[in-house]
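Novice: Got a structure for you, questions after.
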Amino acid sequence: MAGVSLSLQGRVALITGGSRGIGAATVKMFVSAGAKVAFNYQKAKAEAEDLVRQCGAENCLAQPCDLNGVQPAAELVAATVGRFGRLDILVANHGIWVADSVPVERMSDQQWRRTLAIDLDSVFGLIKHAVAQMKAQEKRHPAAGSVVLVSSTAGQRGEAFHCDYAAAKGALISMVKGLSTELAPSGIYVNCVAPGWVETDMSGPALRDPATREAIFSVIPLRRVARPEEVAAPILFLCTEHAGFITGEIFNVNGGAVLVG
């Protein structure tokens with residue numbers, strides 16, 4: 001009896017925010033599964049170059065790109081296709097979260113616009129150009145393409161003092177629901193992974209504060225936060241043939257936290 005394999009052999013993936021955290025774990029896992037992977041970075045050049053060395057330059061492209069708004073997405077998709085000739089998978093993982101708690105009446109217009117430009121507008125641009133490429137190219141697999149958006153528990157239950165982040169992540173979930181039905185006839189799957197707290201650079205300041213850390217753990221039934229690999233694995237699964245009857249879904253990866261929020 002043949003073993004079960006989560007293979008992406010012969011596929012090309014674009015993973016945003018791939019130099020660190022969840023993104024880097026996903027890049028490594030996808031390359032291990034046989035995919036060619038392009039990823040972007042903004043400031044973490046050294047980390048990006050090290051990741052390419054680990055994965056092999058023949059398998060991986062690190063592309064500098066500041067995904068702040070719609071337009072940069074077109075350049076990133078074009079760079080991926082220019083290097084690997086096609087695009088089969090888009091994982092929109094990048095995003096920002098302002099660590100300081102800000103009441104809505106004191107939130108600046110600049111913070112609101114910047115969060116939505118990065119966390120939402122750029123994702124629209126990525127999907128727009130990635131889907132156009134998926135529809136235009138030769139179909140090599142049962143699925144013409146897979147799109148996985150990384151949202152958050154904040155997109156489902158909100159997050160006090162972070163209404164900008166919650167609004168953007170909630171919009172991603174709505175995009176998944178609408179796009180999954182729109183793109184199903186084209187053979188393009190659209191799903192979402194919604195992590196809770198994860199050990200990343202973005203969450204580091206909060207997790208290093210003992211009082212904040214205890215408050216975070218108190219609402220997670222598993223009493224810990226996730227490792228990046230524990231989010232990367234569900235993303236990988238959703239892009240394989242084993243998820244061939246799954247589209248429009250929100251895959252919660254939060255230790256049960258969304259159940260008690």
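Scheme for the structure tokens: letters A, B, ... for chains in order shown; per-chain residue numbers from 1; ligand numbers from 1 in order shown.
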At a cut-off of 8 Å, using only C-alpha atoms, what residues contact A:Asn254? Leave out same-chain residues fewer than 3 positions from it and give the result as a list in words.

Specialist: Thr153, Ala194, Pro195, Gly196, Trp197, Ile220, Val225, Ala226, Ala257 and Val258 of chain A

Novice: Put those residues in a file: N, CA and C atoms, as a short mmCIF file (atom, residue, chain, number, x, y, z; two decimals), in the first residue's frame.

Specialist:
data_model
loop_
_atom_site.label_atom_id
_atom_site.label_comp_id
_atom_site.auth_asym_id
_atom_site.auth_seq_id
_atom_site.Cartn_x
_atom_site.Cartn_y
_atom_site.Cartn_z
N THR A 153 -7.71 35.11 13.94
CA THR A 153 -8.89 35.06 14.80
C THR A 153 -9.50 36.45 14.93
N ALA A 194 -6.63 30.78 9.44
CA ALA A 194 -6.79 31.85 10.44
C ALA A 194 -6.05 31.48 11.72
N PRO A 195 -4.80 31.92 11.85
CA PRO A 195 -4.05 31.63 13.08
C PRO A 195 -4.51 32.51 14.24
N GLY A 196 -4.21 32.01 15.43
CA GLY A 196 -4.28 32.85 16.61
C GLY A 196 -2.88 33.38 16.87
N TRP A 197 -2.46 33.35 18.13
CA TRP A 197 -1.11 33.82 18.47
C TRP A 197 -0.06 32.81 18.00
N ILE A 220 -6.35 30.57 25.61
CA ILE A 220 -6.03 29.53 24.64
C ILE A 220 -6.14 28.18 25.36
N VAL A 225 1.18 29.22 22.54
CA VAL A 225 0.98 29.78 21.20
C VAL A 225 1.55 28.80 20.18
N ALA A 226 1.22 29.03 18.91
CA ALA A 226 1.64 28.11 17.86
C ALA A 226 3.08 28.36 17.44
N ALA A 257 -8.68 28.79 20.64
CA ALA A 257 -8.97 30.10 21.20
C ALA A 257 -10.23 30.73 20.65
N VAL A 258 -10.52 30.51 19.38
CA VAL A 258 -11.69 31.15 18.78
C VAL A 258 -12.99 30.63 19.39
#

Novice: Applying 8 Å and only C-alpha atoms, which residues near stretch 237-251 of chain A remain after dropping the ones on its own chain fewer than 2 positions away? List them as a list in words.

Specialist: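 Here the qualifying residues turn out to be Leu6, Ser7, Leu8, Ile89, Pro142, Ala143, Ser146, Val147, Val148, Ile173, Val176, Lys177, Gly178, Leu179, Ser180, Thr181, Ala184, Tyr189, Val190, Asn191, Cys192, Val193, Ala194, Ala233, Pro234, Ile235 and Val253 of chain A.
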
Novice: Could you dump the residues just selected with C-alpha atoms as a JSON list (two decimals), in the first residue's frame?

Specialist:
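Output file result10.json follows:
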[["chain", "number", "residue", "atom", "x", "y", "z"],
["A", 6, "LEU", "CA", 1.61, 15.94, 0.63],
["A", 7, "SER", "CA", 3.30, 16.65, -2.68],
["A", 8, "LEU", "CA", 3.51, 19.88, -4.68],
["A", 89, "ILE", "CA", -0.26, 28.73, -5.90],
["A", 142, "PRO", "CA", -6.48, 18.77, -11.55],
["A", 143, "ALA", "CA", -6.60, 22.19, -9.89],
["A", 146, "SER", "CA", -4.85, 27.47, -5.32],
["A", 147, "VAL", "CA", -5.11, 30.67, -3.30],
["A", 148, "VAL", "CA", -4.64, 30.65, 0.47],
["A", 173, "ILE", "CA", -12.43, 36.13, 5.09],
["A", 176, "VAL", "CA", -12.45, 34.00, 0.42],
["A", 177, "LYS", "CA", -16.17, 33.32, 0.62],
["A", 178, "GLY", "CA", -16.95, 35.34, -2.50],
["A", 179, "LEU", "CA", -13.95, 34.37, -4.59],
["A", 180, "SER", "CA", -14.29, 30.65, -3.87],
["A", 181, "THR", "CA", -17.65, 30.56, -5.65],
["A", 184, "ALA", "CA", -14.60, 27.38, -8.69],
["A", 189, "TYR", "CA", -9.49, 26.91, -5.07],
["A", 190, "VAL", "CA", -9.66, 29.74, -2.52],
["A", 191, "ASN", "CA", -9.29, 29.09, 1.19],
["A", 192, "CYS", "CA", -8.11, 30.81, 4.34],
["A", 193, "VAL", "CA", -5.97, 29.85, 7.31],
["A", 194, "ALA", "CA", -6.79, 31.85, 10.44],
["A", 233, "ALA", "CA", 1.40, 22.67, 7.53],
["A", 234, "PRO", "CA", -2.33, 23.47, 7.10],
["A", 235, "ILE", "CA", -1.42, 25.92, 4.33],
["A", 253, "VAL", "CA", -5.27, 27.22, 13.73]]

Novice: Let me make sure I understand: among A:Ala168, A:Ala74, A:Leu67, A:Ile127, which one has the smallest atom-to-atom distance to A:Gly145 if we use only C-alpha atoms?

Specialist: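 Smallest distance to A:Gly145 is found for A:Ile127.
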
Novice: Quick one: residues within 9 Å of A:Pro228, only C-alpha atoms counted, chain neighbours fewer than 5 positions away excluded, as a list in words?

Specialist: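 Using only C-alpha atoms, the neighbours found are Gly21, Ile22, Gly23, Ala24, Ala25, Thr26, Val198, Glu199, Thr200 and Ala233 of chain A.
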
Novice: Those same residues, written as a PDB file, in the first residue's frame with N, CA and C atoms?

Specialist:
ATOM      1  N   GLY A  21       9.210  34.012  10.138  1.00  0.00           N
ATOM      2  CA  GLY A  21       7.973  33.564  10.758  1.00  0.00           C
ATOM      3  C   GLY A  21       7.213  32.514   9.973  1.00  0.00           C
ATOM      4  N   ILE A  22       5.897  32.697   9.897  1.00  0.00           N
ATOM      5  CA  ILE A  22       5.034  31.754   9.192  1.00  0.00           C
ATOM      6  C   ILE A  22       5.456  31.633   7.739  1.00  0.00           C
ATOM      7  N   GLY A  23       5.810  32.759   7.127  1.00  0.00           N
ATOM      8  CA  GLY A  23       6.190  32.737   5.721  1.00  0.00           C
ATOM      9  C   GLY A  23       7.404  31.875   5.456  1.00  0.00           C
ATOM     10  N   ALA A  24       8.446  32.040   6.261  1.00  0.00           N
ATOM     11  CA  ALA A  24       9.670  31.253   6.072  1.00  0.00           C
ATOM     12  C   ALA A  24       9.403  29.770   6.294  1.00  0.00           C
ATOM     13  N   ALA A  25       8.608  29.449   7.312  1.00  0.00           N
ATOM     14  CA  ALA A  25       8.265  28.046   7.565  1.00  0.00           C
ATOM     15  C   ALA A  25       7.495  27.463   6.374  1.00  0.00           C
ATOM     16  N   THR A  26       6.643  28.270   5.757  1.00  0.00           N
ATOM     17  CA  THR A  26       5.859  27.808   4.611  1.00  0.00           C
ATOM     18  C   THR A  26       6.741  27.625   3.387  1.00  0.00           C
ATOM     19  N   VAL A 198       1.002  33.330  17.399  1.00  0.00           N
ATOM     20  CA  VAL A 198       2.091  32.510  16.855  1.00  0.00           C
ATOM     21  C   VAL A 198       3.415  33.127  17.278  1.00  0.00           C
ATOM     22  N   GLU A 199       4.402  32.284  17.518  1.00  0.00           N
ATOM     23  CA  GLU A 199       5.750  32.765  17.876  1.00  0.00           C
ATOM     24  C   GLU A 199       6.418  33.373  16.646  1.00  0.00           C
ATOM     25  N   THR A 200       6.293  34.674  16.477  1.00  0.00           N
ATOM     26  CA  THR A 200       6.901  35.375  15.350  1.00  0.00           C
ATOM     27  C   THR A 200       7.502  36.688  15.835  1.00  0.00           C
ATOM     28  N   ALA A 233       1.882  23.998   7.928  1.00  0.00           N
ATOM     29  CA  ALA A 233       1.397  22.670   7.526  1.00  0.00           C
ATOM     30  C   ALA A 233      -0.042  22.698   7.007  1.00  0.00           C
TER      31      ALA A 233
END

Novice: Check stretch 3-240 of chain A with DSSP on the backbone and list each residue it calls strand (DSSP E), as number ranges by chain.

Specialist: A: 12-15, 36-41, 60-64, 89-92, 145-150, 188-195

Novice: Would you mind exporting N, CA and C atoms of the selected residues as a short mmCIF file (atom, residue, chain, number, x, y, z; two decimals), in the first residue's frame?

Specialist:
data_model
loop_
_atom_site.label_atom_id
_atom_site.label_comp_id
_atom_site.auth_asym_id
_atom_site.auth_seq_id
_atom_site.Cartn_x
_atom_site.Cartn_y
_atom_site.Cartn_z
N VAL A 12 4.47 25.81 -8.94
CA VAL A 12 5.17 27.06 -8.61
C VAL A 12 4.29 27.86 -7.66
N ALA A 13 4.88 28.31 -6.56
CA ALA A 13 4.14 29.04 -5.54
C ALA A 13 4.76 30.41 -5.30
N LEU A 14 3.91 31.38 -5.02
CA LEU A 14 4.33 32.68 -4.54
C LEU A 14 3.83 32.83 -3.11
N ILE A 15 4.77 33.05 -2.18
CA ILE A 15 4.44 33.18 -0.76
C ILE A 15 4.90 34.55 -0.30
N LYS A 36 8.57 24.87 -6.60
CA LYS A 36 9.45 26.01 -6.79
C LYS A 36 8.75 27.20 -6.14
N VAL A 37 9.49 27.99 -5.39
CA VAL A 37 8.86 29.02 -4.57
C VAL A 37 9.52 30.37 -4.75
N ALA A 38 8.70 31.37 -5.00
CA ALA A 38 9.14 32.76 -4.93
C ALA A 38 8.54 33.38 -3.68
N PHE A 39 9.29 34.24 -3.02
CA PHE A 39 8.76 34.95 -1.86
C PHE A 39 9.32 36.37 -1.85
N ASN A 40 8.61 37.26 -1.21
CA ASN A 40 9.09 38.64 -1.12
C ASN A 40 9.59 38.95 0.28
N TYR A 41 10.40 39.96 0.34
CA TYR A 41 10.83 40.51 1.62
C TYR A 41 10.91 42.02 1.45
N CYS A 60 14.24 28.43 -5.33
CA CYS A 60 13.73 29.54 -4.54
C CYS A 60 14.16 30.87 -5.11
N LEU A 61 13.26 31.85 -5.09
CA LEU A 61 13.55 33.22 -5.50
C LEU A 61 13.13 34.16 -4.39
N ALA A 62 14.07 34.98 -3.92
CA ALA A 62 13.77 36.02 -2.95
C ALA A 62 13.69 37.35 -3.68
N GLN A 63 12.53 37.98 -3.65
CA GLN A 63 12.28 39.19 -4.42
C GLN A 63 11.98 40.35 -3.47
N PRO A 64 12.79 41.41 -3.49
CA PRO A 64 12.44 42.58 -2.67
C PRO A 64 11.18 43.24 -3.19
N ILE A 89 0.20 28.55 -7.28
CA ILE A 89 -0.26 28.73 -5.90
C ILE A 89 0.10 30.12 -5.42
N LEU A 90 -0.86 30.80 -4.80
CA LEU A 90 -0.61 32.07 -4.12
C LEU A 90 -0.92 31.90 -2.65
N VAL A 91 0.04 32.23 -1.80
CA VAL A 91 -0.18 32.28 -0.36
C VAL A 91 0.07 33.72 0.09
N ALA A 92 -0.99 34.42 0.45
CA ALA A 92 -0.87 35.81 0.92
C ALA A 92 -0.73 35.79 2.43
N GLY A 145 -5.43 26.18 -9.97
CA GLY A 145 -4.68 27.04 -9.07
C GLY A 145 -5.24 26.98 -7.67
N SER A 146 -4.43 27.41 -6.72
CA SER A 146 -4.85 27.47 -5.32
C SER A 146 -4.45 28.82 -4.73
N VAL A 147 -5.37 29.42 -4.01
CA VAL A 147 -5.11 30.67 -3.30
C VAL A 147 -5.40 30.44 -1.83
N VAL A 148 -4.43 30.75 -0.98
CA VAL A 148 -4.64 30.65 0.47
C VAL A 148 -4.31 32.01 1.08
N LEU A 149 -5.28 32.60 1.74
CA LEU A 149 -5.08 33.87 2.45
C LEU A 149 -4.88 33.59 3.93
N VAL A 150 -3.94 34.27 4.53
CA VAL A 150 -3.70 34.12 5.97
C VAL A 150 -4.43 35.25 6.69
N ILE A 188 -10.04 27.01 -9.70
CA ILE A 188 -9.14 27.69 -8.76
C ILE A 188 -9.77 27.64 -7.37
N TYR A 189 -9.03 27.07 -6.45
CA TYR A 189 -9.49 26.91 -5.07
C TYR A 189 -9.07 28.13 -4.25
N VAL A 190 -9.96 28.59 -3.37
CA VAL A 190 -9.66 29.74 -2.52
C VAL A 190 -10.03 29.40 -1.09
N ASN A 191 -9.05 29.40 -0.21
CA ASN A 191 -9.29 29.09 1.19
C ASN A 191 -8.51 30.05 2.08
N CYS A 192 -8.73 29.91 3.36
CA CYS A 192 -8.11 30.81 4.34
C CYS A 192 -7.62 30.01 5.53
N VAL A 193 -6.46 30.37 6.03
CA VAL A 193 -5.97 29.85 7.31
C VAL A 193 -6.01 31.01 8.30
N ALA A 194 -6.63 30.78 9.44
CA ALA A 194 -6.79 31.85 10.44
C ALA A 194 -6.05 31.48 11.72
N PRO A 195 -4.80 31.92 11.85
CA PRO A 195 -4.05 31.63 13.08
C PRO A 195 -4.51 32.51 14.24
#
